[in-house]
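Content type compact mmCIF, C-alpha atoms and all ligand atoms, from the file entry.txt:
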# COMPACT_ATOMS: atom_id res chain seq x y z
CA MET T 27 3.78 71.81 72.81
CA PRO T 28 4.28 73.91 75.95
CA THR T 29 3.09 72.39 79.20
CA ALA T 30 -0.05 74.11 80.45
CA PRO T 31 0.65 75.89 83.76
CA SER T 32 -1.94 73.69 85.50
CA ASP T 33 -0.10 70.44 84.60
CA PRO T 34 2.14 69.21 87.39
CA PRO T 35 5.77 69.82 86.44
CA LEU T 36 8.09 67.03 85.33
CA LEU T 37 10.67 66.23 87.99
CA LEU T 38 14.11 66.16 86.34
CA THR T 39 15.82 65.56 89.67
CA PRO T 40 17.49 62.76 91.62
CA GLY T 41 14.15 62.05 93.37
CA PRO T 42 11.32 62.07 94.19
CA LEU T 43 10.58 61.46 90.53
CA THR T 44 7.74 61.62 88.06
CA THR T 45 5.60 58.47 88.18
CA SER T 46 2.96 57.13 85.80
CA ARG T 47 -0.73 57.74 86.34
CA SER T 48 -1.35 54.01 86.79
CA VAL T 49 1.26 53.86 89.58
CA LYS T 50 -0.53 56.70 91.38
CA GLU T 51 -3.93 55.07 90.77
CA ALA T 52 -2.74 51.84 92.41
CA MET T 53 -2.94 53.76 95.71
CA LEU T 54 -6.68 54.42 95.52
CA ARG T 55 -7.68 51.81 98.08
CA ASP T 56 -6.89 50.89 101.66
CA TRP T 57 -5.40 47.61 102.82
CA GLY T 58 -5.18 46.13 106.26
CA SER T 59 -1.74 44.86 107.16
CA ARG T 60 -3.08 41.28 107.62
CA ASP T 61 -5.14 41.38 104.40
CA HIS T 62 -4.31 38.25 102.34
CA GLU T 63 -4.20 40.24 99.15
CA PHE T 64 -1.74 42.67 100.65
CA ILE T 65 0.44 39.85 102.00
CA ALA T 66 0.52 38.26 98.53
CA LEU T 67 1.35 41.59 96.91
CA ASN T 68 4.20 42.10 99.35
CA ALA T 69 5.61 38.64 98.57
CA THR T 70 5.43 39.33 94.82
CA VAL T 71 7.31 42.60 95.23
CA ARG T 72 10.09 40.88 97.20
CA GLN T 73 10.30 38.06 94.68
CA ARG T 74 10.46 40.36 91.67
CA LEU T 75 13.23 42.43 93.26
CA THR T 76 15.38 39.39 94.01
CA ALA T 77 14.88 38.24 90.42
CA LEU T 78 15.88 41.65 89.04
CA ALA T 79 19.29 41.15 90.69
CA GLY T 80 19.58 37.58 89.34
CA ALA T 81 19.87 36.55 92.98
CA GLU T 82 17.15 33.94 93.66
CA ALA T 83 19.70 31.20 94.39
CA SER T 84 21.68 33.14 96.97
CA HIS T 85 19.91 36.26 98.24
CA VAL T 86 16.65 37.47 99.77
CA THR T 87 14.93 40.84 99.55
CA VAL T 88 13.98 42.64 102.75
CA PRO T 89 11.89 45.81 102.34
CA LEU T 90 11.98 48.63 104.86
CA GLN T 91 9.79 51.66 105.54
CA GLY T 92 11.41 55.00 104.76
CA SER T 93 13.58 56.75 102.20
CA GLY T 94 16.72 55.26 100.66
CA THR T 95 19.02 56.37 103.47
CA PHE T 96 17.01 54.26 105.93
CA VAL T 97 17.91 51.07 104.12
CA VAL T 98 21.54 52.06 103.58
CA GLU T 99 21.77 52.61 107.31
CA ALA T 100 19.95 49.32 107.93
CA MET T 101 22.26 47.41 105.57
CA LEU T 102 25.43 48.75 107.22
CA GLY T 103 24.03 48.35 110.73
CA THR T 104 22.84 44.80 110.15
CA LEU T 105 25.81 43.39 108.26
CA VAL T 106 28.94 45.11 109.58
CA PRO T 107 29.65 43.34 112.89
CA ARG T 108 30.60 45.28 116.01
CA ASP T 109 34.22 44.17 115.62
CA GLY T 110 34.19 44.63 111.83
CA ARG T 111 35.95 47.33 109.83
CA LEU T 112 34.40 49.16 106.89
CA LEU T 113 36.23 50.75 103.95
CA VAL T 114 34.01 53.22 102.08
CA LEU T 115 34.86 54.28 98.52
CA VAL T 116 33.99 57.97 98.49
CA ASN T 117 33.59 60.30 95.50
CA GLY T 118 30.51 62.24 96.54
CA ALA T 119 27.86 62.93 99.17
CA TYR T 120 26.40 59.42 99.30
CA GLY T 121 29.77 57.82 100.01
CA GLU T 122 30.30 60.43 102.74
CA ARG T 123 26.88 59.55 104.13
CA MET T 124 27.81 55.86 104.52
CA LEU T 125 30.93 56.92 106.38
CA ARG T 126 28.82 59.07 108.67
CA ILE T 127 26.38 56.23 109.31
CA ALA T 128 29.26 53.93 110.34
CA GLN T 129 30.44 56.64 112.74
CA TYR T 130 26.95 56.93 114.26
CA HIS T 131 26.98 53.17 114.77
CA GLY T 132 30.38 53.29 116.42
CA ARG T 133 31.83 51.03 113.73
CA GLU T 134 35.43 51.37 112.64
CA ALA T 135 35.36 52.96 109.21
CA ARG T 136 37.84 54.45 106.75
CA ALA T 137 37.40 56.29 103.49
CA LEU T 138 39.23 55.71 100.24
CA ARG T 139 38.63 58.93 98.32
CA THR T 140 38.77 60.04 94.71
CA PRO T 141 37.75 63.52 93.49
CA GLU T 142 34.05 63.96 92.69
CA ASP T 143 34.71 63.96 88.95
CA LEU T 144 36.73 60.73 88.95
CA PRO T 145 35.45 57.17 89.46
CA ASN T 146 36.52 54.96 92.39
CA ASP T 147 39.96 53.46 91.78
CA PRO T 148 40.07 49.61 91.84
CA GLY T 149 43.91 49.67 91.93
CA ALA T 150 43.91 51.84 95.06
CA LEU T 151 41.32 49.50 96.59
CA ASP T 152 43.57 46.53 95.84
CA ARG T 153 46.45 48.22 97.71
CA ALA T 154 44.27 49.33 100.63
CA LEU T 155 42.93 45.81 101.17
CA ALA T 156 46.41 44.31 100.91
CA GLU T 157 47.69 46.77 103.53
CA ASP T 158 44.82 46.35 106.00
CA PRO T 159 43.67 42.77 106.58
CA ALA T 160 41.30 43.97 109.35
CA ILE T 161 38.92 45.46 106.77
CA THR T 162 35.92 43.12 106.65
CA HIS T 163 33.59 45.08 104.36
CA VAL T 164 33.90 47.44 101.39
CA ALA T 165 31.06 49.87 100.62
CA VAL T 166 30.57 51.39 97.17
CA VAL T 167 28.03 53.68 95.46
CA HIS T 168 27.11 52.33 92.01
CA CYS T 169 26.06 55.66 90.48
CA GLU T 170 27.18 58.56 92.73
CA THR T 171 24.20 60.84 92.24
CA THR T 172 26.14 63.86 93.51
CA SER T 173 27.83 64.16 90.11
CA GLY T 174 26.08 61.42 88.10
CA ILE T 175 29.30 59.42 87.80
CA LEU T 176 29.29 55.67 87.15
CA ASN T 177 31.64 53.82 89.46
CA PRO T 178 33.41 50.66 88.17
CA LEU T 179 31.26 48.25 90.17
CA TYR T 180 32.35 45.03 88.48
CA GLU T 181 36.08 45.76 88.92
CA ILE T 182 35.52 46.76 92.54
CA ALA T 183 33.55 43.60 93.22
CA GLU T 184 36.31 41.52 91.63
CA VAL T 185 39.07 43.11 93.75
CA THR T 186 36.98 42.83 96.94
CA ALA T 187 36.18 39.14 96.32
CA ARG T 188 39.80 38.35 95.46
CA HIS T 189 40.81 39.67 98.89
CA GLY T 190 38.05 37.65 100.55
CA ARG T 191 36.21 40.73 101.84
CA ARG T 192 32.50 41.47 101.57
CA LEU T 193 30.91 44.08 99.33
CA LEU T 194 27.98 46.34 100.25
CA ILE T 195 26.49 48.37 97.41
CA ASP T 196 24.43 51.55 97.47
CA ALA T 197 22.77 51.14 94.06
CA MET T 198 19.96 53.53 94.93
CA SER T 199 20.05 55.62 91.77
CA ALA T 200 21.02 52.79 89.39
CA PHE T 201 19.03 49.71 90.38
CA GLY T 202 16.54 48.75 87.69
CA ALA T 203 18.27 50.70 84.93
CA LEU T 204 21.92 49.58 85.07
CA PRO T 205 22.84 45.88 85.18
CA LEU T 206 23.74 44.36 88.54
CA ASP T 207 23.60 40.57 88.63
CA ALA T 208 24.51 38.27 91.50
CA ARG T 209 25.48 35.55 89.01
CA GLU T 210 28.17 37.86 87.62
CA ILE T 211 29.50 39.67 90.67
CA ARG T 212 29.86 38.79 94.31
CA PHE T 213 28.10 41.11 96.76
CA GLU T 214 26.84 40.63 100.28
CA ALA T 215 24.07 43.18 99.93
CA VAL T 216 22.72 45.89 97.68
CA ALA T 217 20.45 48.71 98.85
CA ALA T 218 17.96 50.58 96.65
CA SER T 219 14.55 52.23 96.80
CA ALA T 220 11.17 52.24 95.09
CA ASN T 221 11.35 55.79 93.90
CA LYS T 222 14.36 56.01 91.62
CA CYS T 223 14.79 53.93 88.46
CA LEU T 224 11.96 51.60 89.46
CA GLU T 225 9.54 54.57 89.26
CA GLY T 226 7.45 53.83 92.34
CA VAL T 227 6.49 56.49 94.89
CA PRO T 228 8.76 57.38 97.82
CA GLY T 229 8.31 55.70 101.20
CA VAL T 230 9.74 52.22 100.87
CA ALA T 231 13.28 50.97 100.30
CA PHE T 232 14.81 47.51 100.22
CA ALA T 233 18.00 45.52 100.50
CA ILE T 234 18.87 42.32 98.66
CA LEU T 235 21.09 40.36 101.01
CA GLU T 236 23.02 37.08 100.94
CA ARG T 237 20.79 34.75 102.91
CA GLU T 238 23.64 33.14 104.86
CA ALA T 239 25.15 36.50 105.85
CA LEU T 240 21.76 37.83 106.91
CA LEU T 241 21.03 34.77 109.05
CA ALA T 242 24.43 35.16 110.70
CA ALA T 243 23.76 38.83 111.55
CA ALA T 244 21.58 38.37 114.63
CA GLY T 245 22.31 40.99 117.27
CA ASN T 246 24.57 43.17 115.08
CA CYS T 247 22.25 46.07 114.40
CA PRO T 248 22.38 48.98 116.86
CA SER T 249 18.78 49.89 115.94
CA LEU T 250 15.59 47.85 116.34
CA ALA T 251 13.60 49.60 113.60
CA LEU T 252 16.51 49.23 111.14
CA ASP T 253 17.41 45.62 111.98
CA LEU T 254 17.04 43.76 108.68
CA HIS T 255 17.72 40.40 110.34
CA ASP T 256 14.75 40.91 112.65
CA GLN T 257 12.64 42.34 109.81
CA TYR T 258 13.46 39.27 107.68
CA LEU T 259 12.67 36.67 110.34
CA ALA T 260 9.36 38.34 111.19
CA MET T 261 8.36 38.60 107.54
CA GLU T 262 9.29 34.99 106.80
CA LYS T 263 7.13 33.82 109.68
CA ASN T 264 3.75 35.07 108.43
CA GLY T 265 4.40 37.42 105.53
CA GLN T 266 3.57 40.43 107.68
CA TRP T 267 5.57 43.50 108.58
CA ARG T 268 6.85 44.05 112.12
CA PHE T 269 5.50 47.60 112.24
CA THR T 270 2.85 49.49 110.21
CA PRO T 271 3.59 48.74 106.54
CA PRO T 272 3.47 51.57 103.96
CA THR T 273 0.56 49.76 102.28
CA HIS T 274 -0.29 52.29 99.56
CA VAL T 275 3.38 52.79 98.71
CA LEU T 276 3.78 49.02 98.30
CA ALA T 277 0.72 48.79 96.08
CA ALA T 278 2.20 51.52 93.90
CA PHE T 279 5.56 49.74 93.92
CA HIS T 280 3.88 46.51 92.81
CA GLN T 281 2.34 48.33 89.85
CA ALA T 282 5.65 50.07 89.08
CA LEU T 283 7.42 46.69 88.91
CA ILE T 284 4.80 45.39 86.46
CA GLU T 285 5.42 48.46 84.28
CA HIS T 286 9.18 47.96 84.60
CA ALA T 287 8.81 44.41 83.25
CA GLU T 288 6.50 45.59 80.46
CA GLU T 289 9.13 48.09 79.38
CA GLY T 290 11.66 45.28 79.00
CA GLY T 291 13.13 45.18 82.49
CA VAL T 292 16.59 46.58 83.20
CA GLU T 293 17.47 46.50 79.51
CA GLY T 294 14.40 48.43 78.36
CA ARG T 295 14.44 50.95 81.19
CA GLY T 296 18.16 51.54 80.72
CA ARG T 297 17.62 52.11 77.01
CA ARG T 298 15.01 54.83 77.58
CA TYR T 299 17.22 56.58 80.15
CA ARG T 300 20.28 56.43 77.85
CA GLU T 301 18.22 58.04 75.08
CA ASN T 302 16.94 60.71 77.52
CA CYS T 303 20.51 61.40 78.58
CA ARG T 304 21.81 61.59 75.01
CA ILE T 305 19.10 64.09 73.96
CA LEU T 306 19.74 66.19 77.05
CA VAL T 307 23.53 66.32 76.71
CA GLU T 308 23.47 66.98 72.94
CA GLY T 309 20.82 69.67 73.32
CA MET T 310 22.57 71.41 76.21
CA ARG T 311 25.93 71.28 74.39
CA ARG T 312 24.32 73.05 71.42
CA LEU T 313 23.38 75.84 73.86
CA GLY T 314 26.99 76.08 75.06
CA PHE T 315 26.61 74.17 78.34
CA VAL T 316 29.43 71.87 79.38
CA PRO T 317 28.81 68.66 81.32
CA LEU T 318 31.15 68.10 84.27
CA LEU T 319 31.96 64.52 83.29
CA PRO T 320 33.50 63.08 80.15
CA GLU T 321 31.13 60.72 78.34
CA GLU T 322 32.87 57.54 79.52
CA TYR T 323 32.19 58.36 83.21
CA GLN T 324 28.62 59.61 82.75
CA ALA T 325 25.82 57.31 83.95
CA PRO T 326 22.48 57.85 82.16
CA ILE T 327 20.84 58.89 85.44
CA ILE T 328 21.52 62.55 86.11
CA VAL T 329 23.82 65.04 84.36
CA THR T 330 25.84 67.74 86.09
CA PHE T 331 26.42 70.90 84.04
CA ARG T 332 28.92 73.57 84.96
CA LEU T 333 27.36 76.92 85.78
CA PRO T 334 27.52 79.37 82.84
CA GLY T 335 29.98 82.24 83.13
CA ASP T 336 27.62 84.85 81.67
CA PRO T 337 26.86 87.31 84.52
CA ALA T 338 23.21 87.43 83.38
CA PHE T 339 22.84 83.78 84.45
CA LEU T 340 21.41 83.58 87.97
CA PHE T 341 20.59 80.03 88.98
CA GLU T 342 17.55 80.88 91.14
CA ASP T 343 15.99 82.86 88.31
CA PHE T 344 16.81 80.11 85.79
CA TYR T 345 15.27 77.52 88.13
CA ASP T 346 12.06 79.53 88.71
CA ARG T 347 11.55 80.22 85.02
CA LEU T 348 12.03 76.54 84.10
CA ARG T 349 9.66 75.57 86.89
CA ARG T 350 6.99 77.83 85.42
CA LYS T 351 7.52 76.14 82.05
CA GLY T 352 6.90 72.76 83.68
CA PHE T 353 10.38 71.43 84.51
CA VAL T 354 11.95 71.04 87.94
CA ILE T 355 15.74 70.78 87.87
CA TYR T 356 18.18 70.48 90.77
CA PRO T 357 21.02 72.56 92.21
CA GLY T 358 24.52 71.08 92.22
CA LYS T 359 26.17 69.89 95.39
CA LEU T 360 29.72 69.54 94.16
CA THR T 361 32.81 70.98 95.73
CA VAL T 362 34.92 70.76 92.54
CA ALA T 363 32.89 73.24 90.47
CA PRO T 364 29.75 75.43 90.65
CA SER T 365 27.07 73.44 88.86
CA PHE T 366 23.45 72.37 88.48
CA ARG T 367 21.90 69.02 87.63
CA ILE T 368 19.22 67.70 85.28
CA GLY T 369 17.91 64.18 85.75
CA CYS T 370 17.07 61.65 83.02
CA ILE T 371 15.10 59.18 85.17
CA GLY T 372 11.46 58.76 86.19
CA ARG T 373 8.49 58.53 83.86
CA VAL T 374 9.96 60.92 81.25
CA THR T 375 10.30 60.31 77.53
CA ALA T 376 12.60 61.42 74.72
CA GLU T 377 9.92 63.96 73.74
CA ASP T 378 9.90 65.35 77.30
CA MET T 379 13.68 65.78 77.14
CA ARG T 380 13.41 67.64 73.83
CA ARG T 381 10.82 69.94 75.38
CA ALA T 382 13.07 70.46 78.41
CA VAL T 383 16.00 71.52 76.19
CA ALA T 384 13.69 73.87 74.26
CA ALA T 385 12.53 75.37 77.57
CA VAL T 386 16.16 75.94 78.59
CA ALA T 387 16.83 77.75 75.27
CA GLU T 388 13.74 79.92 75.73
CA THR T 389 14.70 80.69 79.33
CA MET T 390 18.20 81.77 78.32
CA GLN T 391 16.70 84.15 75.76
CA GLU T 392 14.38 85.65 78.38
CA MET T 393 17.31 86.11 80.77
CA GLY T 394 19.61 87.55 78.08
CA VAL T 395 22.14 84.73 78.48
CA ALA T 396 23.93 84.25 75.17
CA SER T 397 25.64 80.96 75.94
CA GLY T 398 25.82 78.27 78.61
CA ARG T 399 29.61 78.29 78.40
CA PRO T 400 31.22 78.08 81.85
CA ALA T 401 33.37 80.90 83.20
CA ASP T 402 36.59 79.01 83.52
CA ARG T 403 36.78 78.33 79.80
CA PRO T 404 38.93 81.04 78.24
CA PRO T 405 36.44 83.57 76.81
CA GLN T 406 36.85 84.51 73.14
CA PRO T 407 38.43 87.98 72.98
CA ARG T 408 35.84 90.40 71.65
CA SER T 409 36.84 93.24 69.36
CA GLY T 410 36.68 96.71 70.92
CA GLU T 411 37.26 95.37 74.43
CA PRO T 412 40.46 96.11 76.29
CA GLN T 413 42.58 92.98 76.67
CA SER T 414 44.85 92.39 79.61
C1 LIG P 1 18.76 58.99 96.46
C2 LIG P 1 19.96 58.29 96.94
C3 LIG P 1 20.05 57.77 98.26
C4 LIG P 1 18.93 57.87 99.27
O1 LIG P 1 18.53 59.14 99.50
P1 LIG P 1 17.14 59.40 100.25
O2 LIG P 1 17.02 60.88 100.15
O3 LIG P 1 17.29 58.92 101.64
O4 LIG P 1 16.10 58.64 99.50
C5 LIG P 1 21.18 57.07 98.61
N1 LIG P 1 22.20 56.90 97.75
C6 LIG P 1 22.16 57.37 96.49
C7 LIG P 1 23.32 57.12 95.58
C8 LIG P 1 21.05 58.09 96.05
O5 LIG P 1 21.01 58.57 94.79
The structure given in the file should be rewritten as structure tokens.
Amino acid sequence: MPTAPSDPPLLLTPGPLTTSRSVKEAMLRDWGSRDHEFIALNATVRQRLTALAGAEASHVTVPLQGSGTFVVEAMLGTLVPRDGRLLVLVNGAYGERMLRIAQYHGREARALRTPEDLPNDPGALDRALAEDPAITHVAVVHCETTSGILNPLYEIAEVTARHGRRLLIDAMSAFGALPLDAREIRFEAVAASANKCLEGVPGVAFAILEREALLAAAGNCPSLALDLHDQYLAMEKNGQWRFTPPTHVLAAFHQALIEHAEEGGVEGRGRRYRENCRILVEGMRRLGFVPLLPEEYQAPIIVTFRLPGDPAFLFEDFYDRLRRKGFVIYPGKLTVAPSFRIGCIGRVTAEDMRRAVAAVAETMQEMGVASGRPADRPPQPRSGEPQS
């Protein structure tokens, strides 16, 4: 059934994402920051997040106002000491961003790069750590949303722990849908946000940090607003936030975490996203589109497709037409190949993904695009055409 033009479109993007009606409805009242009910709600959110990472014995959750980048910056600023050295595993824009943050903070930082269509290399990490004993921290992106690639988090954690260094994880686009468990891997902190796989609204992010490391981090952070040590101590004292809390966003997040549990937690959410991803990739392949990544590297979060070679395919036109049919997709930001992206996360179902693929097929017909096949695949020679 086509989406009526008045329905808000589904967001098939890396975020902000489609949320449930009940998550939005949780915002229909006002709270004071000292309200007991709000303080209890805040504590429940923190507790549930720590539990999701299997980290109650070792870690604490500290929420922070702002988008995901705020908490990544807060995590790096709070935990990497002034005389520390950071090694960032980079295979996309979010790895680059962590490097940039470290530079803003005046922290010594190096990159260990792989191309955007290849995962981080644990062997290269092993060599880099052996060669440079001054590296104190390793930073990794769990799912690099730039391409949708899944990085080998468990192998990287193993290598980092074996060398006695500390691991900081940007799990923004994976947390809540892909397993990450403190009882299975060693990490000093993980950063994520309400509005990706946890399906809350944007405006609050959080880090789950080793309690001992956080307590030892007094005075590290070059920013007051982003100091997670200070934020933690203040919150532990009376359950309140240091500065105006995003009350409505937290109420929505609380509801989103209830719905996450009802769906079967990480396992259930991951299952729905994997099914969304499978329907999308199979459907797009039938239309000739080619995903950038081989199946074994693809996380079920967002899929990058190479741009079709057909000269009738203009991305802006494709985007606008899909938008009018009720689906918002996302441009690519790769340097390895011209591309666009379609997300599998947020409150979207298998049926939504089937409708999205049908809308792509219809749009191609309207545009006179015969196939989604990319340009750099050798075109089939057509009879009657001169061949060079
Ligand atoms: C979305 C995302 C972020 C945070 O981006 P914001 O726009 O600041 O919310 C960070 N890292 C990754 C891997 C992401 O997908």
Hey, what's within 10 Å of range 49-61 of chain T if we count only C-alpha atoms and toss same-chain stuff fewer than 6 positions away? As a PyMOL selection string, please? chain T and resi 67+225-227+264-285
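Distance check against Arg380 in chain T using all atoms listed in the file: of T:Arg304, T:Arg133, T:Arg399, T:Arg123, the minimum falls on T:Arg304.
The gap separating CA of His168 in chain T from CA of Pro148 in chain T is 13.2 Å, in Å to one decimal.
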Chain T near ligand LIG 1 (chain P) within 6 Å: what's each residue's closest atom pair and its distance in Å to one decimal, counting all atoms listed in the file, ordered by chain then ascending residue number, as JSON lines?
{"residue": "T:Ser93", "atom": "CA", "partner": "P:LIG1", "partner_atom": "O4", "distance": 4.1}
{"residue": "T:Gly94", "atom": "CA", "partner": "P:LIG1", "partner_atom": "O4", "distance": 3.6}
{"residue": "T:Thr95", "atom": "CA", "partner": "P:LIG1", "partner_atom": "O3", "distance": 3.6}
{"residue": "T:Tyr120", "atom": "CA", "partner": "P:LIG1", "partner_atom": "N1", "distance": 5.1}
{"residue": "T:Val167", "atom": "CA", "partner": "P:LIG1", "partner_atom": "C7", "distance": 5.8}
{"residue": "T:Cys169", "atom": "CA", "partner": "P:LIG1", "partner_atom": "C7", "distance": 6.0}
{"residue": "T:Glu170", "atom": "CA", "partner": "P:LIG1", "partner_atom": "C7", "distance": 5.0}
{"residue": "T:Thr171", "atom": "CA", "partner": "P:LIG1", "partner_atom": "O5", "distance": 4.7}
{"residue": "T:Asp196", "atom": "CA", "partner": "P:LIG1", "partner_atom": "N1", "distance": 5.8}
{"residue": "T:Met198", "atom": "CA", "partner": "P:LIG1", "partner_atom": "C6", "distance": 4.7}
{"residue": "T:Ser199", "atom": "CA", "partner": "P:LIG1", "partner_atom": "O5", "distance": 4.3}
Contact residues around Ile175 in chain T with only C-alpha atoms at 8 Å, ignoring same-chain residues under 2 positions, as a ChimeraX atom specification: /T:143-145,169-173,177,319,323-325
At a cut-off of 9 Å, using only C-alpha atoms, what residues contact Gly291 in chain T? Leave out same-chain residues fewer than 5 positions from it and give the result as number ranges by chain. T: 78, 202-203, 283, 285-286, 296
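Checking T:Ala135, T:His189, T:Glu377, T:Tyr356 one by one against Val114 in chain T, counting all atoms listed in the file, you find the shortest gap at T:Ala135.
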Which one is closest to Pro141 in chain T: T:Val98, T:Tyr345, T:Ile328, T:Val362? Count only C-alpha atoms. T:Val362
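For the residues T:Thr162, T:Thr44, T:Ser219, T:Asn302, ranking by smallest atom-to-atom distance to Ile234 in chain T using only C-alpha atoms places T:Ser219 first.
Here CA of Val216 in chain T is placed at a distance of 19.8 Å from CA of Ile371 in chain T.
For the choices T:Val88, T:Leu38, T:Ala396, T:Leu360, the atom-to-atom distance to Asp378 in chain T is smallest for T:Leu38 when using only C-alpha atoms.
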Box for range 31-45 of chain T: with edges along x, y and z, all listed atoms inside and 4 Å added on each side, what are the centre and edge lengths in Å to one decimal, as lines of an AutoDock Vina configuration file?
center_x = 7.8
center_y = 67.2
center_z = 89.0
size_x = 27.4
size_y = 25.4
size_z = 18.4
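Nearest to Leu112 in chain T of all the residues T:Leu155, T:Cys223, T:Val71, T:Leu43 is T:Leu155, based on all atoms listed in the file.
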